[in-house]
file start-v8.cif (mmCIF, C-alpha atoms and all ligand atoms)
data_coords
loop_
_atom_site.label_atom_id
_atom_site.label_comp_id
_atom_site.auth_asym_id
_atom_site.auth_seq_id
_atom_site.Cartn_x
_atom_site.Cartn_y
_atom_site.Cartn_z
CA MET A 254 -37.42 29.79 -15.08
CA SER A 255 -38.95 26.50 -16.07
CA LEU A 256 -37.49 23.89 -18.42
CA LEU A 257 -39.31 21.61 -20.83
CA LEU A 258 -37.24 18.63 -21.96
CA GLN A 259 -38.90 17.39 -25.13
CA GLY A 260 -38.98 13.99 -26.74
CA GLY A 261 -36.25 12.17 -24.83
CA ARG A 262 -36.37 8.52 -23.84
CA VAL A 263 -37.16 8.77 -20.13
CA ILE A 264 -35.74 5.97 -18.00
CA ASP A 265 -36.87 6.12 -14.39
CA PRO A 266 -36.30 2.86 -12.49
CA SER A 267 -38.19 4.25 -9.46
CA GLN A 268 -41.42 4.16 -11.48
CA GLY A 269 -40.52 1.45 -13.97
CA ILE A 270 -40.72 3.98 -16.82
CA ASP A 271 -38.93 3.54 -20.14
CA ALA A 272 -40.78 5.66 -22.70
CA VAL A 273 -40.43 8.68 -24.95
CA LEU A 274 -41.91 11.54 -22.94
CA ASP A 275 -41.65 15.26 -22.20
CA ILE A 276 -40.69 16.43 -18.75
CA LEU A 277 -41.50 19.82 -17.28
CA ILE A 278 -39.38 21.19 -14.46
CA GLU A 279 -40.75 24.18 -12.59
CA ASN A 280 -39.77 25.84 -9.31
CA GLY A 281 -36.94 23.37 -8.91
CA GLN A 282 -39.23 20.35 -9.06
CA VAL A 283 -40.56 17.84 -11.55
CA LYS A 284 -43.91 19.39 -12.44
CA ALA A 285 -45.19 17.02 -15.12
CA LEU A 286 -44.20 13.99 -17.11
CA GLY A 287 -46.19 13.09 -20.22
CA GLU A 288 -46.63 13.17 -23.96
CA ARG A 289 -46.46 16.49 -25.79
CA LEU A 290 -46.65 18.79 -22.77
CA SER A 291 -47.29 22.43 -23.65
CA GLY A 292 -45.01 23.98 -21.01
CA GLN A 293 -45.98 27.56 -21.79
CA GLY A 294 -43.21 30.03 -21.07
CA ALA A 295 -40.72 27.27 -20.37
CA ARG A 296 -37.31 27.08 -22.05
CA LYS A 297 -37.63 24.18 -24.46
CA ILE A 298 -34.78 21.71 -24.88
CA ASP A 299 -34.87 19.22 -27.74
CA CYS A 300 -33.96 15.80 -26.34
CA HIS A 301 -34.85 13.60 -29.32
CA GLY A 302 -32.43 10.69 -29.53
CA LEU A 303 -31.24 11.31 -25.96
CA ILE A 304 -31.83 9.53 -22.65
CA ILE A 305 -33.34 11.37 -19.67
CA THR A 306 -32.80 9.94 -16.21
CA PRO A 307 -33.13 10.99 -12.58
CA GLY A 308 -29.94 12.90 -11.68
CA LEU A 309 -27.04 10.57 -11.02
CA ILE A 310 -25.91 10.34 -7.39
CA ASP A 311 -22.38 9.38 -6.38
CA MET A 312 -22.48 8.20 -2.79
CA HIS A 313 -18.69 7.97 -2.38
CA VAL A 314 -16.34 10.78 -3.36
CA HIS A 315 -13.33 12.54 -1.85
CA LEU A 316 -13.54 16.30 -2.36
CA ARG A 317 -10.32 16.98 -0.34
CA GLU A 318 -11.62 20.24 1.15
CA PRO A 319 -10.86 21.27 3.84
CA GLY A 320 -7.13 20.75 3.92
CA GLU A 321 -5.89 19.26 0.65
CA GLU A 322 -7.02 21.86 -1.85
CA TRP A 323 -4.04 21.20 -4.12
CA LYS A 324 -5.70 17.87 -4.96
CA GLU A 325 -9.32 19.00 -5.32
CA THR A 326 -11.82 21.48 -3.90
CA ILE A 327 -15.55 21.43 -3.40
CA ALA A 328 -15.78 23.66 -6.50
CA THR A 329 -13.58 21.56 -8.80
CA GLY A 330 -14.79 18.19 -7.52
CA THR A 331 -18.43 19.06 -8.01
CA LEU A 332 -17.68 20.58 -11.43
CA ALA A 333 -16.16 17.21 -12.39
CA ALA A 334 -19.26 15.55 -10.95
CA ALA A 335 -21.61 17.74 -13.00
CA ALA A 336 -19.52 17.09 -16.12
CA GLY A 337 -19.90 13.38 -15.39
CA GLY A 338 -23.70 13.69 -15.15
CA PHE A 339 -23.96 13.70 -11.35
CA THR A 340 -26.43 15.99 -9.63
CA ALA A 341 -25.41 14.98 -6.10
CA VAL A 342 -22.35 13.61 -4.34
CA ALA A 343 -21.74 12.36 -0.82
CA CYS A 344 -18.27 13.30 0.38
CA MET A 345 -16.10 11.17 2.62
CA PRO A 346 -14.71 12.60 5.86
CA ASN A 347 -10.97 11.88 5.48
CA THR A 348 -10.19 15.56 4.96
CA GLN A 349 -7.77 17.65 7.01
CA PRO A 350 -9.07 18.12 9.59
CA PRO A 351 -11.36 15.11 9.25
CA ASN A 352 -15.10 15.71 9.30
CA ASP A 353 -15.48 14.44 12.86
CA ASN A 354 -17.34 17.41 14.33
CA ALA A 355 -20.28 19.63 13.42
CA GLU A 356 -18.09 22.61 12.60
CA VAL A 357 -16.41 20.79 9.70
CA THR A 358 -19.77 19.48 8.46
CA ARG A 359 -21.17 23.01 8.47
CA PHE A 360 -18.05 24.36 6.72
CA ILE A 361 -18.50 21.84 3.89
CA LEU A 362 -22.18 22.67 3.50
CA LYS A 363 -21.54 26.43 3.55
CA LYS A 364 -18.80 26.15 0.92
CA ALA A 365 -21.02 23.88 -1.14
CA SER A 366 -23.92 26.35 -1.00
CA GLN A 367 -21.60 29.04 -2.40
CA GLU A 368 -19.51 27.12 -4.93
CA ALA A 369 -20.82 23.67 -5.75
CA PHE A 370 -22.19 22.48 -9.10
CA THR A 371 -24.10 19.60 -7.46
CA ARG A 372 -25.82 18.88 -4.19
CA VAL A 373 -23.25 17.91 -1.58
CA TYR A 374 -24.05 15.51 1.25
CA PRO A 375 -21.36 15.27 3.92
CA ILE A 376 -20.53 11.90 5.45
CA ALA A 377 -19.04 12.30 8.93
CA CYS A 378 -16.50 10.16 10.76
CA ILE A 379 -17.55 7.24 12.93
CA THR A 380 -14.63 7.80 15.29
CA LYS A 381 -12.74 10.93 16.29
CA GLY A 382 -9.83 11.53 13.94
CA GLN A 383 -10.71 8.19 12.31
CA LYS A 384 -8.54 6.66 15.03
CA GLY A 385 -11.03 3.95 15.92
CA THR A 386 -11.08 4.60 19.66
CA GLN A 387 -13.79 7.17 20.45
CA LEU A 388 -17.14 7.67 18.72
CA THR A 389 -17.97 11.09 17.30
CA GLU A 390 -21.10 13.02 18.38
CA PHE A 391 -23.64 11.43 16.04
CA GLY A 392 -26.51 13.71 17.10
CA ASP A 393 -24.51 16.92 16.58
CA LEU A 394 -23.28 15.69 13.22
CA LYS A 395 -26.76 14.77 12.06
CA ARG A 396 -28.15 18.16 13.11
CA ALA A 397 -25.30 19.86 11.24
CA GLY A 398 -26.29 17.99 8.06
CA ALA A 399 -24.29 14.76 7.90
CA VAL A 400 -26.25 12.05 6.08
CA ALA A 401 -24.15 9.01 7.02
CA LEU A 402 -21.14 7.90 9.04
CA SER A 403 -17.91 6.31 7.81
CA ASP A 404 -14.20 6.15 8.63
CA ASP A 405 -13.58 5.53 4.91
CA GLY A 406 -9.92 5.31 4.04
CA ARG A 407 -9.59 3.25 7.22
CA PRO A 408 -11.65 0.50 8.81
CA VAL A 409 -12.90 0.63 12.40
CA PRO A 410 -10.44 -1.99 13.68
CA ASP A 411 -12.28 -2.89 16.90
CA ALA A 412 -15.43 -4.99 16.50
CA PHE A 413 -16.96 -3.72 19.76
CA MET A 414 -16.47 -0.09 18.67
CA MET A 415 -18.21 -0.92 15.37
CA ARG A 416 -21.04 -2.60 17.27
CA LEU A 417 -21.52 0.54 19.38
CA ALA A 418 -21.43 2.71 16.26
CA LEU A 419 -24.15 0.62 14.59
CA GLU A 420 -26.35 0.75 17.69
CA TYR A 421 -26.06 4.52 18.17
CA ALA A 422 -26.31 5.27 14.45
CA LYS A 423 -29.53 3.28 14.27
CA ASN A 424 -31.02 5.53 16.95
CA PHE A 425 -30.19 8.59 14.87
CA GLY A 426 -31.33 7.01 11.60
CA LEU A 427 -27.83 7.43 10.14
CA PRO A 428 -26.52 4.76 7.76
CA VAL A 429 -23.04 3.42 8.57
CA ILE A 430 -20.69 2.89 5.63
CA SER A 431 -17.92 0.39 6.20
CA HIS A 432 -14.46 0.50 4.70
CA ALA A 433 -14.04 -3.25 5.09
CA GLU A 434 -10.36 -4.06 5.45
CA GLU A 435 -8.55 -6.35 7.89
CA LEU A 436 -5.51 -4.16 8.52
CA SER A 437 -3.42 -6.92 10.06
CA LEU A 438 -3.49 -8.66 6.68
CA SER A 439 -3.38 -5.66 4.34
CA GLN A 440 -0.97 -3.27 6.01
CA GLY A 441 2.16 -2.59 3.99
CA GLY A 442 0.56 -4.02 0.87
CA HIS A 443 0.39 -2.16 -2.45
CA VAL A 444 -1.41 -4.39 -4.98
CA ASN A 445 -3.56 -7.51 -5.08
CA GLU A 446 -1.94 -10.54 -3.50
CA GLY A 447 -1.44 -13.00 -6.33
CA LEU A 448 -0.39 -12.21 -9.90
CA ALA A 449 0.32 -8.52 -9.22
CA SER A 450 2.26 -8.92 -5.98
CA ALA A 451 4.30 -11.83 -7.36
CA THR A 452 5.06 -10.14 -10.69
CA LEU A 453 5.94 -6.75 -9.24
CA GLY A 454 7.73 -8.04 -6.16
CA LEU A 455 5.56 -5.93 -3.86
CA LYS A 456 3.71 -6.93 -0.71
CA GLY A 457 0.19 -7.99 -1.57
CA ILE A 458 -3.25 -7.23 -0.15
CA PRO A 459 -5.21 -10.51 0.00
CA ALA A 460 -8.86 -10.79 -1.04
CA GLU A 461 -9.46 -12.71 2.19
CA GLY A 462 -8.72 -9.56 4.22
CA GLU A 463 -11.73 -7.87 2.62
CA ALA A 464 -13.85 -10.98 3.13
CA ILE A 465 -13.03 -11.24 6.84
CA ALA A 466 -13.94 -7.58 7.37
CA VAL A 467 -17.16 -7.83 5.33
CA PHE A 468 -18.24 -10.89 7.31
CA ARG A 469 -17.57 -9.07 10.60
CA GLU A 470 -19.73 -6.11 9.54
CA ILE A 471 -22.51 -8.45 8.46
CA MET A 472 -22.45 -10.30 11.79
CA LEU A 473 -22.61 -6.95 13.60
CA ALA A 474 -25.54 -5.81 11.45
CA LYS A 475 -27.27 -9.06 12.40
CA LEU A 476 -26.47 -8.59 16.07
CA THR A 477 -27.67 -4.98 16.20
CA ASP A 478 -30.31 -5.17 13.47
CA ALA A 479 -28.81 -1.92 12.18
CA PRO A 480 -28.15 -1.36 8.48
CA VAL A 481 -24.58 -1.47 7.26
CA HIS A 482 -23.41 -0.42 3.81
CA ILE A 483 -20.21 -1.96 2.44
CA ALA A 484 -18.08 0.48 0.45
CA HIS A 485 -16.02 -0.39 -2.65
CA VAL A 486 -16.55 -4.16 -2.83
CA SER A 487 -13.70 -5.61 -4.90
CA THR A 488 -13.71 -9.40 -4.43
CA LYS A 489 -15.70 -12.45 -5.41
CA VAL A 490 -15.63 -13.83 -1.90
CA ALA A 491 -17.07 -10.59 -0.44
CA VAL A 492 -19.83 -10.74 -3.07
CA GLU A 493 -20.66 -14.30 -2.04
CA ILE A 494 -20.86 -13.36 1.65
CA ILE A 495 -23.10 -10.34 0.90
CA ARG A 496 -25.34 -12.47 -1.31
CA TRP A 497 -25.70 -15.00 1.52
CA ALA A 498 -26.39 -12.26 4.11
CA LYS A 499 -29.13 -10.71 1.98
CA LYS A 500 -30.79 -14.13 1.69
CA GLN A 501 -30.78 -14.32 5.50
CA GLY A 502 -32.51 -10.93 5.68
CA ILE A 503 -29.55 -9.20 7.32
CA PRO A 504 -29.74 -5.44 6.60
CA VAL A 505 -26.71 -5.02 4.34
CA THR A 506 -26.25 -3.00 1.16
CA ALA A 507 -23.15 -2.67 -0.98
CA GLU A 508 -21.46 -0.58 -3.65
CA THR A 509 -18.63 -1.17 -6.06
CA ALA A 510 -16.67 1.24 -8.25
CA PRO A 511 -16.21 1.30 -12.03
CA HIS A 512 -12.53 0.33 -11.78
CA TYR A 513 -13.46 -2.96 -10.10
CA PHE A 514 -15.91 -3.97 -12.82
CA THR A 515 -13.68 -2.72 -15.66
CA LEU A 516 -10.05 -3.44 -14.75
CA THR A 517 -8.03 -6.24 -13.19
CA GLU A 518 -4.73 -6.25 -11.33
CA GLU A 519 -3.01 -6.42 -14.73
CA ALA A 520 -3.54 -2.65 -15.02
CA ALA A 521 -0.91 -2.19 -12.29
CA LEU A 522 1.65 -4.53 -13.84
CA GLY A 523 3.73 -1.76 -15.43
CA TYR A 524 4.03 -0.06 -12.01
CA ASN A 525 1.32 2.33 -13.15
CA THR A 526 0.60 4.38 -10.04
CA TYR A 527 -2.73 5.55 -11.53
CA ALA A 528 -3.86 1.95 -11.04
CA LYS A 529 -2.80 1.93 -7.38
CA VAL A 530 -5.97 2.01 -5.34
CA ASN A 531 -7.31 0.62 -2.08
CA PRO A 532 -8.85 -1.93 -2.16
CA PRO A 533 -6.56 -2.97 -5.03
CA LEU A 534 -7.63 -4.03 -8.51
CA ARG A 535 -8.23 -7.76 -8.29
CA SER A 536 -8.23 -10.88 -10.48
CA ALA A 537 -10.29 -11.52 -13.62
CA GLU A 538 -12.45 -13.92 -11.60
CA ASP A 539 -13.18 -11.21 -9.03
CA ARG A 540 -14.08 -8.76 -11.79
CA GLU A 541 -16.54 -11.21 -13.31
CA ALA A 542 -18.18 -11.87 -9.92
CA ILE A 543 -18.61 -8.09 -9.41
CA CYS A 544 -20.33 -7.79 -12.81
CA GLN A 545 -22.67 -10.64 -11.91
CA ALA A 546 -23.43 -9.05 -8.51
CA LEU A 547 -24.30 -5.73 -10.19
CA SER A 548 -26.83 -7.43 -12.39
CA ASP A 549 -28.41 -9.80 -9.83
CA GLY A 550 -28.91 -7.18 -7.10
CA THR A 551 -26.23 -8.35 -4.68
CA ILE A 552 -24.50 -5.01 -5.23
CA ASP A 553 -26.90 -2.08 -4.89
CA ALA A 554 -24.92 0.89 -6.12
CA ILE A 555 -22.13 2.10 -8.35
CA ALA A 556 -20.06 4.74 -6.55
CA THR A 557 -16.82 6.15 -7.89
CA ASP A 558 -14.58 6.44 -4.80
CA HIS A 559 -13.30 9.49 -6.73
CA ALA A 560 -9.91 9.98 -5.05
CA PRO A 561 -7.98 12.85 -6.65
CA HIS A 562 -4.23 13.09 -6.04
CA SER A 563 -1.67 15.40 -7.62
CA ASP A 564 1.53 14.31 -9.35
CA LEU A 565 3.29 15.01 -6.04
CA GLU A 566 1.58 11.89 -4.71
CA LYS A 567 1.55 9.88 -7.96
CA PHE A 568 4.69 10.63 -10.05
CA ILE A 569 6.89 8.85 -7.56
CA GLU A 570 7.99 5.30 -6.70
CA PHE A 571 5.07 2.87 -6.69
CA GLU A 572 5.61 2.01 -3.04
CA GLN A 573 5.52 5.67 -2.02
CA ALA A 574 2.55 6.60 -4.22
CA ALA A 575 -0.85 7.35 -2.70
CA PHE A 576 -3.80 5.00 -3.21
CA GLY A 577 -6.73 6.28 -5.28
CA LEU A 578 -7.96 7.28 -8.70
CA VAL A 579 -10.43 9.81 -10.10
CA GLY A 580 -13.74 8.49 -11.33
CA LEU A 581 -16.47 11.10 -11.57
CA GLU A 582 -16.08 11.85 -15.27
CA THR A 583 -15.70 8.28 -16.55
CA ALA A 584 -18.18 6.39 -14.32
CA LEU A 585 -21.22 6.77 -16.55
CA ALA A 586 -19.41 5.66 -19.74
CA LEU A 587 -17.91 2.66 -17.92
CA ALA A 588 -21.32 1.62 -16.58
CA LEU A 589 -22.72 1.98 -20.12
CA ARG A 590 -19.92 -0.30 -21.31
CA LEU A 591 -21.51 -3.08 -19.24
CA VAL A 592 -24.86 -2.23 -20.83
CA ASN A 593 -23.33 -2.45 -24.31
CA GLN A 594 -21.72 -5.77 -23.38
CA GLY A 595 -25.18 -7.09 -22.43
CA LEU A 596 -24.24 -7.50 -18.75
CA LEU A 597 -26.71 -4.88 -17.41
CA SER A 598 -29.95 -3.40 -18.64
CA LEU A 599 -29.96 0.37 -19.08
CA SER A 600 -32.62 0.71 -16.41
CA ARG A 601 -30.55 -1.36 -13.95
CA ALA A 602 -27.51 0.82 -14.64
CA ILE A 603 -29.54 3.94 -13.80
CA ALA A 604 -30.91 2.32 -10.64
CA LEU A 605 -27.32 1.58 -9.56
CA LEU A 606 -26.24 5.16 -10.29
CA SER A 607 -29.24 7.07 -8.97
CA THR A 608 -32.32 5.45 -7.46
CA ASN A 609 -30.50 3.05 -5.15
CA PRO A 610 -27.90 5.46 -3.72
CA ALA A 611 -30.76 7.89 -2.90
CA ARG A 612 -32.58 5.11 -1.08
CA ILE A 613 -29.51 3.93 0.86
CA LEU A 614 -28.62 7.45 2.02
CA LYS A 615 -32.28 8.42 2.47
CA ILE A 616 -31.78 11.60 0.47
CA ALA A 617 -34.03 13.29 -2.07
CA GLY A 618 -33.70 12.36 -5.73
CA GLY A 619 -33.30 9.15 -7.64
CA SER A 620 -36.76 9.60 -9.16
CA LEU A 621 -38.61 11.66 -11.76
CA ARG A 622 -41.95 11.28 -9.98
CA VAL A 623 -44.00 14.49 -10.05
CA GLY A 624 -42.99 16.54 -7.00
CA SER A 625 -39.45 15.11 -6.91
CA PRO A 626 -36.46 17.48 -7.00
CA GLY A 627 -35.77 18.82 -10.49
CA ASP A 628 -32.50 16.88 -10.69
CA VAL A 629 -32.08 15.38 -14.14
CA THR A 630 -29.31 13.96 -16.30
CA VAL A 631 -29.52 13.97 -20.10
CA ILE A 632 -27.33 11.32 -21.73
CA ASP A 633 -26.14 10.75 -25.29
CA LEU A 634 -25.59 6.99 -25.54
CA GLU A 635 -23.85 7.27 -28.91
CA LYS A 636 -21.33 9.99 -28.12
CA LYS A 637 -17.76 8.74 -28.44
CA TRP A 638 -15.09 10.49 -26.42
CA VAL A 639 -11.62 10.01 -24.98
CA PRO A 640 -10.72 11.09 -21.45
CA ARG A 641 -7.48 13.07 -21.45
CA LYS A 642 -5.71 15.13 -18.81
CA GLU A 643 -6.69 18.27 -20.76
CA ASN A 644 -10.41 17.54 -20.86
CA LEU A 645 -10.97 16.34 -17.29
CA HIS A 646 -12.50 18.99 -15.04
CA SER A 647 -11.23 17.43 -11.84
CA GLN A 648 -7.95 18.79 -10.53
CA GLY A 649 -6.92 15.16 -10.16
CA LYS A 650 -5.72 13.66 -13.46
CA ASN A 651 -4.97 10.27 -11.89
CA SER A 652 -7.22 8.15 -14.08
CA PRO A 653 -6.20 4.73 -15.42
CA PHE A 654 -8.68 5.35 -18.26
CA LEU A 655 -6.82 8.22 -19.97
CA GLY A 656 -6.74 7.56 -23.71
CA TRP A 657 -9.56 4.98 -23.64
CA GLU A 658 -12.19 5.21 -26.36
CA LEU A 659 -15.42 5.50 -24.40
CA GLN A 660 -18.99 5.68 -25.59
CA GLY A 661 -21.79 7.54 -23.83
CA GLN A 662 -21.65 10.85 -22.01
CA ALA A 663 -23.89 13.19 -20.04
CA VAL A 664 -24.78 16.12 -22.29
CA MET A 665 -26.76 18.10 -19.71
CA THR A 666 -26.89 18.08 -15.93
CA ILE A 667 -29.74 19.83 -14.16
CA VAL A 668 -29.89 20.46 -10.41
CA GLU A 669 -33.04 21.85 -8.83
CA GLY A 670 -34.20 22.96 -12.25
CA LYS A 671 -30.95 24.81 -13.07
CA ILE A 672 -28.51 23.70 -15.76
CA THR A 673 -25.16 23.15 -14.01
CA PHE A 674 -23.33 21.63 -16.97
CA SER A 675 -24.11 21.42 -20.66
CA ARG A 676 -22.58 20.02 -23.82
CA MET A 677 -25.75 20.70 -25.86
O1 LIG B 1 -7.70 4.31 -2.91
C1 LIG B 1 -8.22 4.92 -1.98
N1 LIG B 1 -8.12 6.26 -1.86
N2 LIG B 1 -8.86 4.22 -1.05
C2 LIG B 1 -9.30 4.77 0.09
O2 LIG B 1 -9.86 4.07 0.90
C3 LIG B 1 -9.08 6.21 0.36
C4 LIG B 1 -8.89 6.97 -0.89
C5 LIG B 1 -8.31 8.33 -0.69
O3 LIG B 1 -8.80 9.07 0.18
O4 LIG B 1 -7.38 8.70 -1.40
ZN ZN B 2 -13.11 6.24 -0.45
#
call {"tool": "encode", "arguments": {"input": "start-v8.cif", "output": "structure tokens"}}
result
Amino acid sequence: MSLLLQGGRVIDPSQGIDAVLDILIENGQVKALGERLSGQGARKIDCHGLIITPGLIDMHVHLREPGEEWKETIATGTLAAAAGGFTAVACMPNTQPPNDNAEVTRFILKKASQEAFTRVYPIACITKGQKGTQLTEFGDLKRAGAVALSDDGRPVPDAFMMRLALEYAKNFGLPVISHAEELSLSQGGHVNEGLASATLGLKGIPAEGEAIAVFREIMLAKLTDAPVHIAHVSTKVAVEIIRWAKKQGIPVTAETAPHYFTLTEEAALGYNTYAKVNPPLRSAEDREAICQALSDGTIDAIATDHAPHSDLEKFIEFEQAAFGLVGLETALALALRLVNQGLLSLSRAIALLSTNPARILKIAGGSLRVGSPGDVTVIDLEKKWVPRKENLHSQGKNSPFLGWELQGQAVMTIVEGKITFSRM
């Protein structure tokens, strides 16, 4: 079955295209892009007034399977992803058991091939059990299908271990993704150190702890000449260090999440556990620096850090509550909010959500070039909607954006030429 998307405004940052065009998808690939294509025998989809982009790619999600299926599964997490306009997700390894060996990687890929609504790219652990003491078998993990390495959820505390990881990973062509946190400063903290910690009377997590860890990773990337990707950047000072490192030619890339460019620590001030996340929501000044970094290229990608938890982990005392919030279904609308505020161009937003994550992870997609995978997202920029517990597809309802009036939504998600989600 082939699909002909007619008359949409095609935005493809990989080719610098922003034009009203038809796109023909055949045999799971982009077959043609042009004006008034005939597409004989293809199913025709009227896209007038809509935006067509390369399928969105979320390079940082927690699918919770294996081991925590009451929070999310590969099926429900990828359904939420498809509903949010994503055609691919990369899943972090802090499952139970953690993805620190080829068997777990293969399990995830097998489940995904049977149940997923998007492509699923497993990220494997850097160290066994994410304990920071012994490297995993990078070669085995790569052969099993892992696309990157990370101990996300925890940093690698020892600098020498991280150096070894970068050196070995470089040999295998695997990107290393750093959860940059100086545990000796952050441990026991619950919210940003400053307004939130002082107001709530809780131990704080200082911005400087992120900065110290980011600087360490950058120095190790310089030392090893191996690429490092910084996950969930939340602070102005980390942005400044990354900007400096890029100017030096050090191989570093970075992502941030919608909550860091949308919210500040004030969201947690009512002890709202849905706004408890690690790294924590920061100050207004940090938020502004993140927005600037998204637009000037210091930050390369928007990733959700989708972290579903059930009410068992969230409807409890703030200090006991788990860190994390769901993001797959609101990410696109929150990125479009920056576009509407004039802080990002539409093409830059799509690069951050698709083209750049594909490049960082060295995976297919992120482009509508002829011959690329038939992964496409169709977006209605005008559509107004309100996220509510009842309309989220994720099993996790822990969103600080419930009840917000958002504008812009994916209306069709296409993976390998097949419609995986539609509101049309
Ligand atoms: O808030 C967070 N939640 N931060 C992390 O680093 C891990 C994640 C999770 O797995 O819940
Ligand atoms: Zn994470």
call {"tool": "atom_distance", "arguments": {"input": "start-v8.cif", "atom1": "atom CA of Ile603 of chain A", "atom2": "atom CA of Arg317 of chain A"}}
result
26.8 Å
call {"tool": "residues_near_ligand", "arguments": {"input": "start-v8.cif", "ligand": "ligand ZN 2 (chain B)", "cutoff": "7 Å", "atoms": "only C-alpha atoms and all ligand atoms", "output": "NGL selection string"}}
result
:A and (313-315 or 345 or 405-406 or 558 or 560)
call {"tool": "closest_atom_pairs", "arguments": {"input": "start-v8.cif", "of": "chain A", "to": "ligand LIG 1 (chain B)", "cutoff": "10 Å", "atoms": "only C-alpha atoms and all ligand atoms", "output": "CSV"}}
result
residue,atom,partner,partner_atom,distance
A:His313,CA,B:LIG1,C4,10.0
A:Val314,CA,B:LIG1,O3,8.5
A:His315,CA,B:LIG1,O3,6.1
A:Leu316,CA,B:LIG1,O3,9.0
A:Arg317,CA,B:LIG1,O3,8.1
A:Lys324,CA,B:LIG1,O4,10.0
A:Met345,CA,B:LIG1,O3,8.0
A:Pro346,CA,B:LIG1,O3,8.9
A:Asn347,CA,B:LIG1,O3,6.4
A:Thr348,CA,B:LIG1,O3,8.2
A:Asp404,CA,B:LIG1,O2,9.1
A:Asp405,CA,B:LIG1,O2,5.7
A:Gly406,CA,B:LIG1,O2,3.4
A:Arg407,CA,B:LIG1,O2,6.4
A:Pro408,CA,B:LIG1,O2,8.9
A:His432,CA,B:LIG1,O2,7.0
A:Ala433,CA,B:LIG1,O2,9.4
A:Glu434,CA,B:LIG1,O2,9.3
A:Ala484,CA,B:LIG1,O2,9.0
A:His485,CA,B:LIG1,O2,8.4
A:Ala528,CA,B:LIG1,O1,9.3
A:Lys529,CA,B:LIG1,O1,7.0
A:Val530,CA,B:LIG1,O1,3.8
A:Asn531,CA,B:LIG1,O1,3.8
A:Pro532,CA,B:LIG1,N2,6.2
A:Pro533,CA,B:LIG1,O1,7.7
A:Asp558,CA,B:LIG1,C4,6.9
A:His559,CA,B:LIG1,C4,7.7
A:Ala560,CA,B:LIG1,O4,4.6
A:Pro561,CA,B:LIG1,O4,6.7
A:His562,CA,B:LIG1,O4,7.1
A:Ala575,CA,B:LIG1,O4,6.8
A:Phe576,CA,B:LIG1,O1,4.0
A:Gly577,CA,B:LIG1,O1,3.2
A:Leu578,CA,B:LIG1,O1,6.5
A:Val579,CA,B:LIG1,N1,9.3
call {"tool": "closest_atom_pairs", "arguments": {"input": "start-v8.cif", "of": "segment 545-596 of chain A", "to": "segment 487-509 of chain A", "cutoff": "8 Å", "atoms": "only C-alpha atoms", "output": "CSV"}}
result
residue,atom,partner,partner_atom,distance
A:Ala546,CA,A:Val492,CA,6.7
A:Thr551,CA,A:Arg496,CA,5.4
A:Ile552,CA,A:Ala507,CA,5.0
A:Asp553,CA,A:Ala507,CA,5.4
A:Ala554,CA,A:Glu508,CA,4.5
A:Ile555,CA,A:Thr509,CA,5.3
A:Ala556,CA,A:Thr509,CA,6.1
A:Thr557,CA,A:Thr509,CA,7.8
call {"tool": "write_last_selection", "arguments": {"input": "start-v8.cif", "atoms": "C-alpha atoms", "output": "mmCIF file, in the coordinates of the input"}}
result
data_model
loop_
_atom_site.group_PDB
_atom_site.id
_atom_site.type_symbol
_atom_site.label_atom_id
_atom_site.label_comp_id
_atom_site.auth_asym_id
_atom_site.auth_seq_id
_atom_site.Cartn_x
_atom_site.Cartn_y
_atom_site.Cartn_z
ATOM 1 C CA ALA A 546 -23.430 -9.050 -8.510
ATOM 2 C CA THR A 551 -26.230 -8.350 -4.680
ATOM 3 C CA ILE A 552 -24.500 -5.010 -5.230
ATOM 4 C CA ASP A 553 -26.900 -2.080 -4.890
ATOM 5 C CA ALA A 554 -24.920 0.890 -6.120
ATOM 6 C CA ILE A 555 -22.130 2.100 -8.350
ATOM 7 C CA ALA A 556 -20.060 4.740 -6.550
ATOM 8 C CA THR A 557 -16.820 6.150 -7.890
#
call {"tool": "closest_residue", "arguments": {"input": "start-v8.cif", "among": "A:Ser675, A:Ser267, A:Thr380, A:Asn424", "to": "Gly392 of chain A", "atoms": "all atoms listed in the file"}}
result
A:Asn424
call {"tool": "atom_distance", "arguments": {"input": "start-v8.cif", "atom1": "atom CA of Glu322 of chain A", "atom2": "atom CA of Lys395 of chain A"}}
result
25.2 Å
call {"tool": "atom_distance", "arguments": {"input": "start-v8.cif", "atom1": "atom CA of Leu634 of chain A", "atom2": "atom CA of Leu585 of chain A"}}
result
10.0 Å
call {"tool": "closest_residue", "arguments": {"input": "start-v8.cif", "among": "A:His482, A:Pro653, A:Ala328, A:Glu566", "to": "Tyr513 of chain A", "atoms": "all atoms listed in the file"}}
result
A:Pro653
call {"tool": "residues_around", "arguments": {"input": "start-v8.cif", "residues": "segment 414-417 of chain A", "least_positions_apart": "6", "cutoff": "9 Å", "atoms": "all atoms listed in the file", "output": "short mmCIF file (atom, residue, chain, number, x, y, z; two decimals) with C-alpha atoms, in the coordinates of the input"}}
result
data_model
loop_
_atom_site.label_atom_id
_atom_site.label_comp_id
_atom_site.auth_asym_id
_atom_site.auth_seq_id
_atom_site.Cartn_x
_atom_site.Cartn_y
_atom_site.Cartn_z
CA ILE A 379 -17.55 7.24 12.93
CA THR A 380 -14.63 7.80 15.29
CA GLY A 385 -11.03 3.95 15.92
CA THR A 386 -11.08 4.60 19.66
CA GLN A 387 -13.79 7.17 20.45
CA LEU A 388 -17.14 7.67 18.72
CA GLU A 470 -19.73 -6.11 9.54
CA LEU A 473 -22.61 -6.95 13.60
CA ALA A 474 -25.54 -5.81 11.45
CA LEU A 476 -26.47 -8.59 16.07
CA THR A 477 -27.67 -4.98 16.20
#
